[in-house]
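Below is final27.tsv, which holds TSV, C-alpha atoms.
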```
chain	number	residue	atom	x	y	z
E	8	MET	CA	0.00	0.00	0.00
E	9	ILE	CA	1.27	3.48	-0.84
E	10	ASN	CA	2.28	5.66	2.08
E	11	ILE	CA	1.60	9.03	0.46
E	12	LYS	CA	2.26	10.93	3.69
E	13	LYS	CA	5.75	9.43	3.99
E	14	LEU	CA	6.51	10.01	0.30
E	15	ALA	CA	5.32	13.61	0.63
E	16	SER	CA	7.34	14.35	3.77
E	17	ASN	CA	10.43	12.76	2.19
E	18	GLY	CA	10.15	14.67	-1.07
E	19	LEU	CA	9.20	18.01	0.40
E	20	ILE	CA	11.22	18.01	3.62
E	21	PHE	CA	13.46	15.18	4.83
E	22	GLU	CA	14.90	14.20	1.43
E	23	ASN	CA	14.29	17.51	-0.30
E	24	PRO	CA	16.48	17.16	-3.41
E	25	THR	CA	17.72	20.75	-3.42
E	26	LEU	CA	18.07	21.64	0.24
E	27	ARG	CA	18.82	18.28	1.89
E	28	LEU	CA	20.44	16.14	-0.82
E	29	VAL	CA	21.98	19.14	-2.64
E	30	LEU	CA	21.16	17.66	-6.06
E	31	GLY	CA	20.31	19.56	-9.24
E	32	THR	CA	22.45	22.53	-8.20
E	33	CYS	CA	23.21	23.62	-11.78
E	34	PRO	CA	19.65	24.80	-12.63
E	35	THR	CA	19.17	25.89	-9.00
E	36	LEU	CA	22.01	28.39	-9.25
E	37	ALA	CA	21.50	29.42	-12.84
E	38	LEU	CA	17.74	29.79	-13.17
E	39	THR	CA	16.71	31.33	-9.87
E	40	THR	CA	17.30	34.90	-11.03
E	41	SER	CA	13.50	35.11	-11.33
E	42	ALA	CA	10.57	33.29	-9.78
E	43	PHE	CA	9.06	32.66	-13.24
E	44	SER	CA	12.07	30.77	-14.60
E	45	SER	CA	12.38	28.87	-11.29
E	46	PHE	CA	8.75	27.80	-11.49
E	47	GLY	CA	9.10	26.80	-15.14
E	48	MET	CA	12.15	24.67	-14.46
E	49	GLY	CA	10.48	23.11	-11.41
E	50	ILE	CA	7.37	22.09	-13.34
E	51	ALA	CA	9.44	20.71	-16.24
E	52	VAL	CA	11.55	18.60	-13.85
E	53	THR	CA	8.43	17.42	-11.98
E	54	PHE	CA	6.81	16.23	-15.23
E	55	VAL	CA	9.95	14.37	-16.28
E	56	LEU	CA	10.33	12.86	-12.79
E	57	ILE	CA	6.76	11.55	-12.66
E	58	CYS	CA	6.81	10.09	-16.18
E	59	SER	CA	10.32	8.62	-16.09
E	60	ASN	CA	9.80	7.14	-12.61
E	61	ALA	CA	6.54	5.49	-13.70
E	62	ILE	CA	7.97	4.05	-16.93
E	63	ILE	CA	11.21	2.87	-15.30
E	64	SER	CA	9.24	1.19	-12.54
E	65	MET	CA	7.02	-0.46	-15.15
E	66	LEU	CA	10.04	-1.81	-17.03
E	67	LYS	CA	12.21	-2.66	-14.01
E	68	ASN	CA	11.85	-6.41	-14.45
E	69	ILE	CA	12.44	-6.28	-18.20
E	70	ILE	CA	15.54	-4.04	-18.33
E	71	PRO	CA	18.70	-6.13	-17.68
E	72	LYS	CA	20.86	-4.78	-14.82
E	73	THR	CA	23.88	-4.35	-17.12
E	74	ILE	CA	22.16	-1.78	-19.35
E	75	ARG	CA	19.94	-0.09	-16.78
E	76	ILE	CA	21.75	3.28	-16.78
E	77	PRO	CA	21.73	3.81	-20.60
E	78	ALA	CA	18.12	2.59	-20.67
E	79	PHE	CA	17.15	5.07	-17.91
E	80	ILE	CA	18.93	7.89	-19.72
E	81	LEU	CA	17.08	7.05	-22.94
E	82	ILE	CA	13.72	7.12	-21.19
E	83	ILE	CA	14.54	10.36	-19.35
E	84	ALA	CA	15.83	11.99	-22.55
E	85	THR	CA	12.60	11.09	-24.34
E	86	PHE	CA	10.48	12.89	-21.74
E	87	VAL	CA	12.82	15.88	-21.67
E	88	THR	CA	12.53	16.15	-25.46
E	89	ILE	CA	8.73	16.02	-25.14
E	90	VAL	CA	8.81	18.87	-22.60
E	91	LYS	CA	11.13	20.82	-24.91
E	92	LEU	CA	8.80	20.37	-27.91
E	93	VAL	CA	5.69	21.31	-25.92
E	94	LEU	CA	7.28	24.45	-24.43
E	95	ASP	CA	8.65	25.58	-27.79
E	96	LYS	CA	5.20	25.20	-29.34
E	97	PHE	CA	2.94	26.54	-26.62
E	98	MET	CA	5.09	28.55	-24.17
E	99	PRO	CA	7.86	30.15	-26.25
E	100	ASP	CA	8.66	32.78	-23.60
E	101	LEU	CA	9.35	30.14	-20.96
E	102	TYR	CA	11.24	28.07	-23.54
E	103	GLU	CA	13.56	31.02	-24.18
E	104	VAL	CA	14.05	31.71	-20.49
E	105	LEU	CA	15.01	28.10	-19.69
E	106	GLY	CA	17.38	28.00	-22.66
E	107	VAL	CA	20.16	25.43	-22.45
E	108	TYR	CA	19.06	24.26	-18.99
E	109	LEU	CA	15.98	22.58	-20.47
E	110	PRO	CA	17.86	19.84	-22.41
E	111	LEU	CA	20.26	19.60	-19.48
E	112	ILE	CA	17.42	18.12	-17.39
E	113	VAL	CA	18.52	14.81	-18.95
E	114	VAL	CA	21.62	14.81	-16.77
E	115	ASN	CA	19.89	16.20	-13.68
E	116	CYS	CA	21.07	14.08	-10.73
E	117	ILE	CA	17.65	14.16	-9.08
E	118	ILE	CA	15.98	12.32	-11.95
E	119	LEU	CA	18.66	9.68	-12.49
E	120	GLY	CA	19.08	9.36	-8.73
E	121	ARG	CA	15.38	8.65	-8.13
E	122	ALA	CA	15.29	6.26	-11.10
E	123	GLU	CA	18.22	4.28	-9.71
E	124	SER	CA	17.41	4.39	-6.00
E	125	PHE	CA	13.60	4.30	-6.02
E	126	ALA	CA	11.79	3.66	-9.32
E	127	SER	CA	13.91	0.64	-10.29
E	128	LYS	CA	12.91	-1.11	-7.03
E	129	LYS	CA	9.39	0.03	-6.17
E	130	PRO	CA	5.89	-0.37	-7.72
E	131	VAL	CA	4.63	1.98	-10.43
E	132	LEU	CA	2.25	4.08	-8.32
E	133	ASP	CA	4.77	4.56	-5.51
E	134	SER	CA	7.36	5.64	-8.07
E	135	ALA	CA	4.99	8.10	-9.73
E	136	PHE	CA	4.12	9.66	-6.36
E	137	ASP	CA	7.80	9.75	-5.40
E	138	GLY	CA	8.46	11.63	-8.64
E	139	LEU	CA	5.61	14.02	-7.91
E	140	PHE	CA	6.76	14.89	-4.39
E	141	MET	CA	10.45	15.04	-5.26
E	142	GLY	CA	9.52	17.36	-8.14
E	143	LEU	CA	7.37	19.51	-5.88
E	144	GLY	CA	10.17	19.69	-3.32
E	145	PHE	CA	12.53	20.83	-6.07
E	146	THR	CA	9.98	23.32	-7.43
E	147	LEU	CA	9.22	24.84	-4.01
E	148	SER	CA	12.92	25.27	-3.23
E	149	LEU	CA	13.60	26.88	-6.59
E	150	VAL	CA	10.58	29.20	-6.43
E	151	THR	CA	11.49	30.30	-2.89
E	152	MET	CA	15.05	31.02	-3.94
E	153	GLY	CA	13.90	32.70	-7.17
E	154	THR	CA	11.44	34.88	-5.26
E	155	ILE	CA	14.09	36.02	-2.76
E	156	ARG	CA	16.62	36.79	-5.50
E	157	GLU	CA	14.11	38.52	-7.78
E	158	LEU	CA	12.66	40.60	-4.95
E	159	LEU	CA	15.97	41.76	-3.51
E	160	GLY	CA	17.75	42.01	-6.87
E	161	ASN	CA	15.01	43.63	-8.94
E	162	GLY	CA	12.16	44.59	-6.63
E	163	SER	CA	9.64	42.29	-8.31
E	164	ILE	CA	8.04	38.87	-7.89
E	165	PHE	CA	6.98	36.86	-10.97
E	166	GLY	CA	7.68	40.01	-13.00
E	167	LEU	CA	5.23	42.11	-10.97
E	168	ALA	CA	6.91	45.22	-9.61
E	169	ILE	CA	6.76	45.40	-5.80
E	170	TRP	CA	8.95	48.49	-5.57
E	171	ASP	CA	11.04	50.55	-7.97
E	172	PRO	CA	14.40	48.78	-8.47
E	173	ASN	CA	16.05	52.15	-9.10
E	174	VAL	CA	15.09	53.22	-5.57
E	175	PHE	CA	16.11	50.00	-3.82
E	176	SER	CA	17.71	46.85	-5.19
E	177	ILE	CA	20.75	44.79	-4.29
E	178	GLY	CA	22.31	43.79	-7.60
E	179	PHE	CA	24.42	41.19	-5.81
E	180	PHE	CA	21.37	38.91	-5.52
E	181	SER	CA	20.96	38.83	-9.30
E	182	SER	CA	24.56	37.78	-9.81
E	183	SER	CA	26.11	34.30	-9.65
E	184	ALA	CA	27.69	35.09	-6.29
E	185	GLY	CA	24.25	36.06	-4.99
E	186	ALA	CA	22.93	32.67	-6.11
E	187	PHE	CA	25.57	30.84	-4.07
E	188	PHE	CA	24.96	33.11	-1.09
E	189	THR	CA	21.16	32.67	-1.15
E	190	TYR	CA	21.50	28.92	-1.69
E	191	ALA	CA	23.91	28.57	1.24
E	192	ILE	CA	21.66	30.57	3.59
E	193	MET	CA	18.62	28.53	2.52
E	194	ILE	CA	20.41	25.19	3.02
E	195	ALA	CA	21.66	26.29	6.45
E	196	LEU	CA	18.24	27.52	7.59
E	197	PHE	CA	16.32	24.55	6.20
E	198	ASN	CA	18.68	21.99	7.74
E	199	TYR	CA	18.69	23.81	11.07
E	200	ILE	CA	14.88	23.76	11.23
E	201	VAL	CA	14.58	20.13	10.06
E	202	THR	CA	17.25	18.97	12.54
E	203	LYS	CA	15.50	20.79	15.40
E	204	VAL	CA	12.17	19.19	14.45
E	205	GLN	CA	13.79	15.74	14.28
E	206	GLU	CA	15.44	16.27	17.67
E	207	LYS	CA	12.13	17.27	19.25
E	208	LYS	CA	10.46	14.20	17.73
E	209	ALA	CA	13.23	11.96	19.05
E	210	LEU	CA	12.90	13.51	22.51
E	211	ARG	CA	9.16	12.96	22.51
E	212	GLY	CA	9.73	9.36	21.39
E	213	ALA	CA	12.25	8.78	24.21
E	214	LYS	CA	9.84	10.12	26.82
Q	7	MET	CA	24.44	-15.71	-25.31
Q	8	LYS	CA	20.82	-15.67	-24.21
Q	9	ASN	CA	21.49	-12.73	-21.88
Q	10	SER	CA	23.27	-10.74	-24.59
Q	11	LEU	CA	20.38	-11.30	-26.95
Q	12	LYS	CA	17.90	-10.14	-24.31
Q	13	THR	CA	20.01	-7.06	-23.58
Q	14	ILE	CA	20.18	-6.08	-27.25
Q	15	THR	CA	16.47	-6.77	-27.80
Q	16	VAL	CA	15.40	-4.69	-24.78
Q	17	MET	CA	17.66	-1.79	-25.72
Q	18	LEU	CA	16.48	-1.88	-29.34
Q	19	ALA	CA	12.85	-2.00	-28.25
Q	20	ILE	CA	13.29	1.04	-25.97
Q	21	ILE	CA	15.10	2.95	-28.73
Q	22	LEU	CA	12.40	2.11	-31.27
Q	23	VAL	CA	9.49	3.05	-29.01
Q	24	CYS	CA	11.15	6.30	-27.85
Q	25	GLY	CA	12.18	7.15	-31.41
Q	26	ALA	CA	8.71	6.52	-32.82
Q	27	LEU	CA	7.07	8.57	-30.05
Q	28	LEU	CA	9.42	11.50	-30.60
Q	29	ALA	CA	9.04	11.30	-34.38
Q	30	ILE	CA	5.27	11.61	-34.07
Q	31	LEU	CA	5.41	14.37	-31.46
Q	32	SER	CA	8.05	16.43	-33.25
Q	33	ASP	CA	5.85	16.35	-36.34
Q	34	LEU	CA	2.76	17.36	-34.35
Q	35	LEU	CA	4.56	20.10	-32.40
Q	36	PHE	CA	6.72	21.44	-35.21
Q	37	VAL	CA	7.19	25.23	-35.12
Q	38	SER	CA	7.72	26.64	-38.61
Q	39	ASP	CA	9.98	29.61	-39.40
Q	40	GLN	CA	6.87	31.55	-40.39
Q	41	GLU	CA	5.34	30.93	-36.95
Q	42	ARG	CA	8.54	32.13	-35.25
Q	43	ILE	CA	8.56	35.34	-37.30
Q	44	ASN	CA	4.87	35.90	-36.57
Q	45	ARG	CA	5.60	35.57	-32.85
Q	46	ALA	CA	8.24	38.29	-33.14
Q	47	ILE	CA	5.91	40.52	-35.17
Q	48	GLY	CA	3.17	39.99	-32.57
Q	49	LYS	CA	5.53	41.25	-29.86
Q	50	ILE	CA	6.21	44.46	-31.78
Q	51	TYR	CA	3.03	45.46	-33.58
Q	52	THR	CA	-0.43	45.70	-32.12
Q	53	GLU	CA	-1.99	45.97	-35.57
Q	54	GLN	CA	-2.09	43.17	-38.15
Q	55	VAL	CA	1.22	43.15	-40.04
Q	56	SER	CA	2.57	40.41	-42.22
Q	57	LEU	CA	5.87	39.45	-43.74
Q	58	GLU	CA	6.44	40.53	-47.33
Q	59	GLN	CA	10.06	39.70	-48.09
Q	60	THR	CA	13.09	38.07	-46.48
Q	61	ILE	CA	16.34	39.92	-47.10
Q	62	ASP	CA	19.49	37.93	-47.80
Q	63	ILE	CA	21.71	39.12	-44.93
Q	64	ASN	CA	24.85	38.12	-46.84
Q	65	SER	CA	24.00	40.65	-49.55
Q	66	VAL	CA	25.19	43.47	-47.26
Q	67	ASP	CA	28.78	43.78	-46.09
Q	68	LEU	CA	28.75	44.78	-42.41
Q	69	SER	CA	32.25	43.57	-41.57
Q	70	SER	CA	33.26	47.04	-40.28
Q	71	GLU	CA	30.75	46.63	-37.44
Q	72	ALA	CA	31.56	42.97	-36.73
Q	73	ASN	CA	33.05	43.82	-33.34
Q	74	LYS	CA	29.80	45.48	-32.26
Q	75	GLY	CA	27.30	42.90	-33.42
Q	76	GLU	CA	25.86	40.80	-36.18
Q	77	ILE	CA	22.64	40.45	-38.12
Q	78	LYS	CA	20.75	37.19	-37.72
Q	79	ALA	CA	17.82	37.92	-40.07
Q	80	CYS	CA	16.06	40.80	-41.78
Q	81	TYR	CA	12.55	41.03	-43.15
Q	82	VAL	CA	10.49	43.60	-45.02
Q	83	LEU	CA	6.93	43.87	-43.71
Q	84	ASP	CA	3.84	44.80	-45.70
Q	85	ASN	CA	3.68	48.23	-43.98
Q	86	GLY	CA	7.11	49.05	-45.41
Q	87	ASP	CA	9.01	48.58	-42.15
Q	88	TYR	CA	12.16	46.53	-41.79
Q	89	LEU	CA	12.25	43.97	-38.99
Q	90	VAL	CA	15.83	43.14	-38.07
Q	91	LEU	CA	16.95	40.38	-35.73
Q	92	SER	CA	20.35	41.53	-34.54
Q	93	ARG	CA	22.80	40.37	-31.88
Q	94	GLY	CA	24.75	43.00	-29.95
Q	95	LYS	CA	28.16	42.03	-28.61
Q	96	LYS	CA	30.33	43.29	-25.71
Q	97	GLY	CA	27.78	42.66	-22.99
Q	98	TYR	CA	28.55	41.61	-19.43
Q	99	ALA	CA	31.12	38.77	-19.36
Q	100	ASN	CA	31.44	39.10	-23.16
Q	101	GLY	CA	27.82	38.01	-23.48
Q	102	THR	CA	25.33	39.14	-26.10
Q	103	ILE	CA	21.83	40.56	-26.36
Q	104	THR	CA	19.64	39.72	-29.32
Q	105	THR	CA	16.81	42.07	-30.23
Q	106	TYR	CA	14.14	42.55	-32.86
Q	107	VAL	CA	14.43	46.10	-34.17
Q	108	ALA	CA	11.56	47.58	-36.16
Q	109	ILE	CA	12.88	50.27	-38.51
Q	110	SER	CA	10.64	52.41	-40.69
Q	111	SER	CA	11.26	52.87	-44.40
Q	112	ASP	CA	12.80	56.31	-43.66
Q	113	LEU	CA	15.34	54.55	-41.40
Q	114	VAL	CA	14.02	55.56	-37.99
Q	115	VAL	CA	13.82	53.09	-35.11
Q	116	LYS	CA	10.15	52.44	-34.28
Q	117	LYS	CA	10.43	49.78	-31.61
Q	118	VAL	CA	12.95	47.43	-30.04
Q	119	VAL	CA	11.99	44.14	-28.42
Q	120	GLN	CA	14.42	41.87	-26.65
Q	121	ASP	CA	14.58	38.38	-28.10
Q	122	SER	CA	17.22	36.61	-26.00
Q	123	TYR	CA	20.53	37.10	-24.25
Q	124	THR	CA	23.56	35.17	-23.11
Q	125	GLY	CA	25.64	35.70	-19.98
Q	126	GLN	CA	23.74	38.77	-18.69
Q	127	THR	CA	22.59	38.87	-15.07
Q	128	LEU	CA	20.88	42.22	-14.60
Q	129	MET	CA	18.49	42.17	-17.53
Q	130	SER	CA	15.47	43.34	-15.53
Q	131	LYS	CA	17.23	46.68	-15.12
Q	132	LEU	CA	17.08	47.01	-18.90
Q	133	SER	CA	13.29	46.76	-19.08
Q	134	ASP	CA	12.85	50.42	-20.01
Q	135	ILE	CA	16.07	50.92	-21.96
Q	136	TYR	CA	14.57	49.85	-25.29
Q	137	SER	CA	12.17	52.82	-25.44
Q	138	ARG	CA	15.22	55.10	-25.41
Q	139	TYR	CA	16.26	53.94	-28.88
Q	140	ILE	CA	12.99	55.01	-30.49
Q	141	ASP	CA	13.47	57.79	-33.06
Q	142	LYS	CA	17.19	57.15	-33.43
Q	143	ASN	CA	17.96	57.09	-37.12
Q	144	ALA	CA	20.58	56.04	-39.63
Q	145	SER	CA	22.55	59.26	-39.15
Q	146	THR	CA	22.70	58.98	-35.35
Q	147	PRO	CA	26.38	58.64	-34.42
Q	148	TYR	CA	27.60	55.68	-32.37
Q	149	ASP	CA	28.45	58.04	-29.49
Q	150	ASP	CA	24.73	58.67	-28.99
Q	151	PHE	CA	24.13	54.95	-28.63
Q	152	GLU	CA	26.96	54.68	-26.12
Q	153	LYS	CA	25.19	57.29	-23.99
Q	154	VAL	CA	22.16	55.04	-23.55
Q	155	ILE	CA	23.25	53.45	-20.30
Q	156	VAL	CA	21.38	51.99	-17.36
Q	157	SER	CA	23.28	52.50	-14.14
Q	158	GLY	CA	24.39	49.17	-12.67
Q	159	ALA	CA	24.04	47.32	-15.97
Q	160	THR	CA	26.52	49.24	-18.10
Q	161	PHE	CA	27.86	46.28	-20.06
Q	162	SER	CA	24.40	44.90	-20.78
Q	163	SER	CA	23.31	48.38	-21.91
Q	164	ASN	CA	26.30	48.42	-24.24
Q	165	ALA	CA	25.26	45.11	-25.83
Q	166	ALA	CA	21.67	46.35	-26.24
Q	167	SER	CA	22.94	49.57	-27.88
Q	168	ASN	CA	25.22	47.60	-30.17
Q	169	SER	CA	22.33	45.41	-31.21
Q	170	VAL	CA	20.18	48.39	-32.25
Q	171	TYR	CA	23.13	50.20	-33.81
Q	172	VAL	CA	24.13	47.32	-36.12
Q	173	ALA	CA	20.49	46.83	-37.11
Q	174	LEU	CA	20.32	50.47	-38.24
Q	175	ARG	CA	23.69	50.22	-40.01
Q	176	PHE	CA	22.52	47.10	-41.82
Q	177	VAL	CA	19.27	48.60	-43.08
Q	178	ASN	CA	21.09	51.79	-44.02
Q	179	ALA	CA	23.69	49.87	-46.03
Q	180	TYR	CA	20.96	47.76	-47.62
Q	181	THR	CA	18.96	50.76	-48.79
Q	182	LEU	CA	22.11	52.56	-50.00
Q	183	GLN	CA	22.96	49.68	-52.28
Q	184	GLY	CA	19.51	49.94	-53.79
Q	185	GLY	CA	17.68	47.54	-51.53
Q	186	GLN	CA	18.35	44.69	-53.84
Q	187	ASN	CA	18.19	41.22	-52.46
```

As structure tokens, please, write out the structure in this file.
Amino acid sequence: MINIKKLASNGLIFENPTLRLVLGTCPTLALTTSAFSSFGMGIAVTFVLICSNAIISMLKNIIPKTIRIPAFILIIATFVTIVKLVLDKFMPDLYEVLGVYLPLIVVNCIILGRAESFASKKPVLDSAFDGLFMGLGFTLSLVTMGTIRELLGNGSIFGLAIWDPNVFSIGFFSSSAGAFFTYAIMIALFNYIVTKVQEKKALRGAK
Amino acid sequence: MKNSLKTITVMLAIILVCGALLAILSDLLFVSDQERINRAIGKIYTEQVSLEQTIDINSVDLSSEANKGEIKACYVLDNGDYLVLSRGKKGYANGTITTYVAISSDLVVKKVVQDSYTGQTLMSKLSDIYSRYIDKNASTPYDDFEKVIVSGATFSSNAASNSVYVALRFVNAYTLQGGQN
């Protein structure tokens, strides 16, 4: 039976791919200059995660162990290409914003990591839900980071002006160094909070 | 032997299924050149404008401006305007900014729309820079383009200016040589 609650808490909090496992850092650092591009990348990765996890789980008994990695890459690449075609056709603005990072989803560690460690061992539905929650965890982290960087760097959120960037903006947050800084602060804060929560739970359990 | 055969068969089957799926989808979701141009026109003009002629960009020698930028495509629209897709160089970290520049038949910039960029980090600061190129014409000296600067994004401003400047130079050179394709 699927334990959705456990899958959700793992994907969103305890095994959050961006903030706990520190996977998929390339798009995290490069695309979080705005909340819009962060959201776009998050949704694209979530779609690929759900589909590739489901298909890999379906084929886990058919694919020989010796060729599992090339087979996984082929399946992942197919879904990434589908996302690329759909975005180019229907959402050209987002397609342009994501640029080279869209095809690079193929080599995103989160997707291959979940395929290898989860989907190739678990049932189809579990794998699909794992993909969904891992993707949502990735999306939420990226959108949070994108929102902070866009707000402080340009005074807007999702392109909507909150204040005039000429009056107040910290250009540092829009730069690459700002991405590392924001990412580091977010990882530190997130891990501090999660560790505290886990400690409290352990204490309660001991009592 | 049996294992090898299974391995090859499985791999071939995955390749065939994925290949067939992508072949069908790429046909269904194909974006034609015409559609791409129409998207660009839609970003620039509110009224209905259509493409009349595609100019051969190799017919104009713009090598003297090669360090500033390059022309990617140029079209003549049915309202007489030129629509130039140009890439300005010398941006931040040697990056580029590509813009669509609408130039009237009397060689005046009507509108500039950003298409894409590489290596720039402060592009949101440039959101209102493009309106500052409107009404610049073929006789506007390069110095005037250099003065269009957004504080804090100087290099990106430079690439944007270069993009508009080379577009104007291209159309000017094209019309001077008789506008022949």

Quick one: contact table of chain Q to chain E, 10 Å max, nearest atom pair and distance in Å to one decimal per residue, counting only C-alpha atoms, chain and number order, as JSON lines?
```
{"residue": "Q:Asn9", "atom": "CA", "partner": "E:Pro71", "partner_atom": "CA", "distance": 8.3}
{"residue": "Q:Ser10", "atom": "CA", "partner": "E:Pro71", "partner_atom": "CA", "distance": 9.5}
{"residue": "Q:Lys12", "atom": "CA", "partner": "E:Pro71", "partner_atom": "CA", "distance": 7.8}
{"residue": "Q:Thr13", "atom": "CA", "partner": "E:Pro71", "partner_atom": "CA", "distance": 6.1}
{"residue": "Q:Ile14", "atom": "CA", "partner": "E:Ile74", "partner_atom": "CA", "distance": 9.2}
{"residue": "Q:Thr15", "atom": "CA", "partner": "E:Ile70", "partner_atom": "CA", "distance": 9.9}
{"residue": "Q:Val16", "atom": "CA", "partner": "E:Ile70", "partner_atom": "CA", "distance": 6.5}
{"residue": "Q:Met17", "atom": "CA", "partner": "E:Ala78", "partner_atom": "CA", "distance": 6.7}
{"residue": "Q:Leu18", "atom": "CA", "partner": "E:Ala78", "partner_atom": "CA", "distance": 9.9}
{"residue": "Q:Ile20", "atom": "CA", "partner": "E:Ala78", "partner_atom": "CA", "distance": 7.3}
{"residue": "Q:Ile21", "atom": "CA", "partner": "E:Leu81", "partner_atom": "CA", "distance": 7.4}
{"residue": "Q:Val23", "atom": "CA", "partner": "E:Ile82", "partner_atom": "CA", "distance": 9.8}
{"residue": "Q:Cys24", "atom": "CA", "partner": "E:Thr85", "partner_atom": "CA", "distance": 6.1}
{"residue": "Q:Gly25", "atom": "CA", "partner": "E:Thr85", "partner_atom": "CA", "distance": 8.1}
{"residue": "Q:Leu27", "atom": "CA", "partner": "E:Thr85", "partner_atom": "CA", "distance": 8.3}
{"residue": "Q:Leu28", "atom": "CA", "partner": "E:Thr85", "partner_atom": "CA", "distance": 7.0}
{"residue": "Q:Leu31", "atom": "CA", "partner": "E:Ile89", "partner_atom": "CA", "distance": 7.3}
{"residue": "Q:Ser32", "atom": "CA", "partner": "E:Leu92", "partner_atom": "CA", "distance": 6.7}
{"residue": "Q:Asp33", "atom": "CA", "partner": "E:Leu92", "partner_atom": "CA", "distance": 9.8}
{"residue": "Q:Leu34", "atom": "CA", "partner": "E:Leu92", "partner_atom": "CA", "distance": 9.3}
{"residue": "Q:Leu35", "atom": "CA", "partner": "E:Lys96", "partner_atom": "CA", "distance": 6.0}
{"residue": "Q:Phe36", "atom": "CA", "partner": "E:Lys96", "partner_atom": "CA", "distance": 7.1}
{"residue": "Q:Val37", "atom": "CA", "partner": "E:Lys96", "partner_atom": "CA", "distance": 6.1}
{"residue": "Q:Ser38", "atom": "CA", "partner": "E:Lys96", "partner_atom": "CA", "distance": 9.7}
{"residue": "Q:Glu41", "atom": "CA", "partner": "E:Lys96", "partner_atom": "CA", "distance": 9.5}
{"residue": "Q:Arg42", "atom": "CA", "partner": "E:Pro99", "partner_atom": "CA", "distance": 9.2}
{"residue": "Q:Arg45", "atom": "CA", "partner": "E:Pro99", "partner_atom": "CA", "distance": 8.8}
{"residue": "Q:Asp121", "atom": "CA", "partner": "E:Glu103", "partner_atom": "CA", "distance": 8.4}
{"residue": "Q:Ser122", "atom": "CA", "partner": "E:Glu103", "partner_atom": "CA", "distance": 6.9}
{"residue": "Q:Tyr123", "atom": "CA", "partner": "E:Val104", "partner_atom": "CA", "distance": 9.2}
{"residue": "Q:Thr124", "atom": "CA", "partner": "E:Gly106", "partner_atom": "CA", "distance": 9.5}
{"residue": "Q:Gln126", "atom": "CA", "partner": "E:Ser182", "partner_atom": "CA", "distance": 9.0}
{"residue": "Q:Thr127", "atom": "CA", "partner": "E:Ser182", "partner_atom": "CA", "distance": 5.7}
{"residue": "Q:Leu128", "atom": "CA", "partner": "E:Ser181", "partner_atom": "CA", "distance": 6.3}
{"residue": "Q:Met129", "atom": "CA", "partner": "E:Ser181", "partner_atom": "CA", "distance": 9.2}
{"residue": "Q:Ser130", "atom": "CA", "partner": "E:Asn161", "partner_atom": "CA", "distance": 6.6}
{"residue": "Q:Lys131", "atom": "CA", "partner": "E:Asn161", "partner_atom": "CA", "distance": 7.2}
{"residue": "Q:Val156", "atom": "CA", "partner": "E:Asn173", "partner_atom": "CA", "distance": 9.8}
{"residue": "Q:Ser157", "atom": "CA", "partner": "E:Asn173", "partner_atom": "CA", "distance": 8.8}
{"residue": "Q:Gly158", "atom": "CA", "partner": "E:Gly178", "partner_atom": "CA", "distance": 7.7}
{"residue": "Q:Ala159", "atom": "CA", "partner": "E:Gly178", "partner_atom": "CA", "distance": 9.2}
```

Once you count only C-alpha atoms, what closest atom pair and distance in Å to one decimal does each residue of segment 148-192 of chain E within 10 Å of segment 32-35 of chain E have, with rows by chain and rising residue number, as a Markdown table?
```
| residue | atom | partner | partner_atom | distance |
| --- | --- | --- | --- | --- |
| E:Ser148 | CA | E:Thr35 | CA | 8.5 |
| E:Leu149 | CA | E:Thr35 | CA | 6.1 |
| E:Val150 | CA | E:Thr35 | CA | 9.6 |
| E:Met152 | CA | E:Thr35 | CA | 8.3 |
| E:Gly153 | CA | E:Thr35 | CA | 8.8 |
| E:Ala186 | CA | E:Thr35 | CA | 8.3 |
| E:Phe187 | CA | E:Thr35 | CA | 9.5 |
| E:Tyr190 | CA | E:Thr35 | CA | 8.2 |
```

Restricting the calculation to all atoms listed in the file, which member of E:Cys58, E:Leu119, E:Leu109, E:Ile194 is positioned closest to Ser45 of chain E?
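Selected residue with least distance to Ser45 of chain E: E:Leu109.
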
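Using only C-alpha atoms, the protein and nucleic acid residues lying no more than 8 Å from Ile50 of chain E, apart from those fewer than 6 places from it along its own chain, are E:Gly142, E:Leu143, E:Thr146.
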
What does the distance from atom CA of Gly31 of chain E to atom CA of Phe140 of chain E come to in Å, to one decimal?
15.1 Å

Using all atoms listed in the file, can you tell me which of Q:Asp87, Q:Asp39, Q:Asp141, Q:Asp134 comes closest to Val119 of chain Q?
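Nearest to Val119 of chain Q: Q:Asp134.
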
Find the residues around Val113 of chain E up to 7 Å (all atoms listed in the file counted), leave out those fewer than 3 positions away in its own chain, and share them as number ranges by chain.
E: 80, 83-84, 87, 110

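Interatomic distance, atom CA of Ser44 of chain E to atom CA of Val201 of chain E: 27.0 Å.
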
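Candidate residues E:Ile57, E:Val90, E:Ile169, E:Ile200 were compared for distance to Leu111 of chain E, and the nearest is E:Val90, using all atoms listed in the file.
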
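Atom to atom, atom CA of Trp170 of chain E and atom CA of Glu152 of chain Q stand 28.0 Å apart.
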
Would you pick out the contacts of Ser70 of chain Q at 12 Å or less, using only C-alpha atoms, so that residues sharing its chain but fewer than 6 positions from it are not included, and give the list as a compact mmCIF listing (two decimals) with C-alpha atoms, keeping the file's coordinate frame?
```
# COMPACT_ATOMS: atom_id res chain seq x y z
CA GLU Q 76 25.86 40.80 -36.18
CA VAL Q 172 24.13 47.32 -36.12
CA ARG Q 175 23.69 50.22 -40.01
CA PHE Q 176 22.52 47.10 -41.82
CA ALA Q 179 23.69 49.87 -46.03
```

Taking only C-alpha atoms into account, which of E:Leu28, E:Phe21, E:Ser59, E:Thr202 comes nearest Glu123 of chain E?
E:Ser59
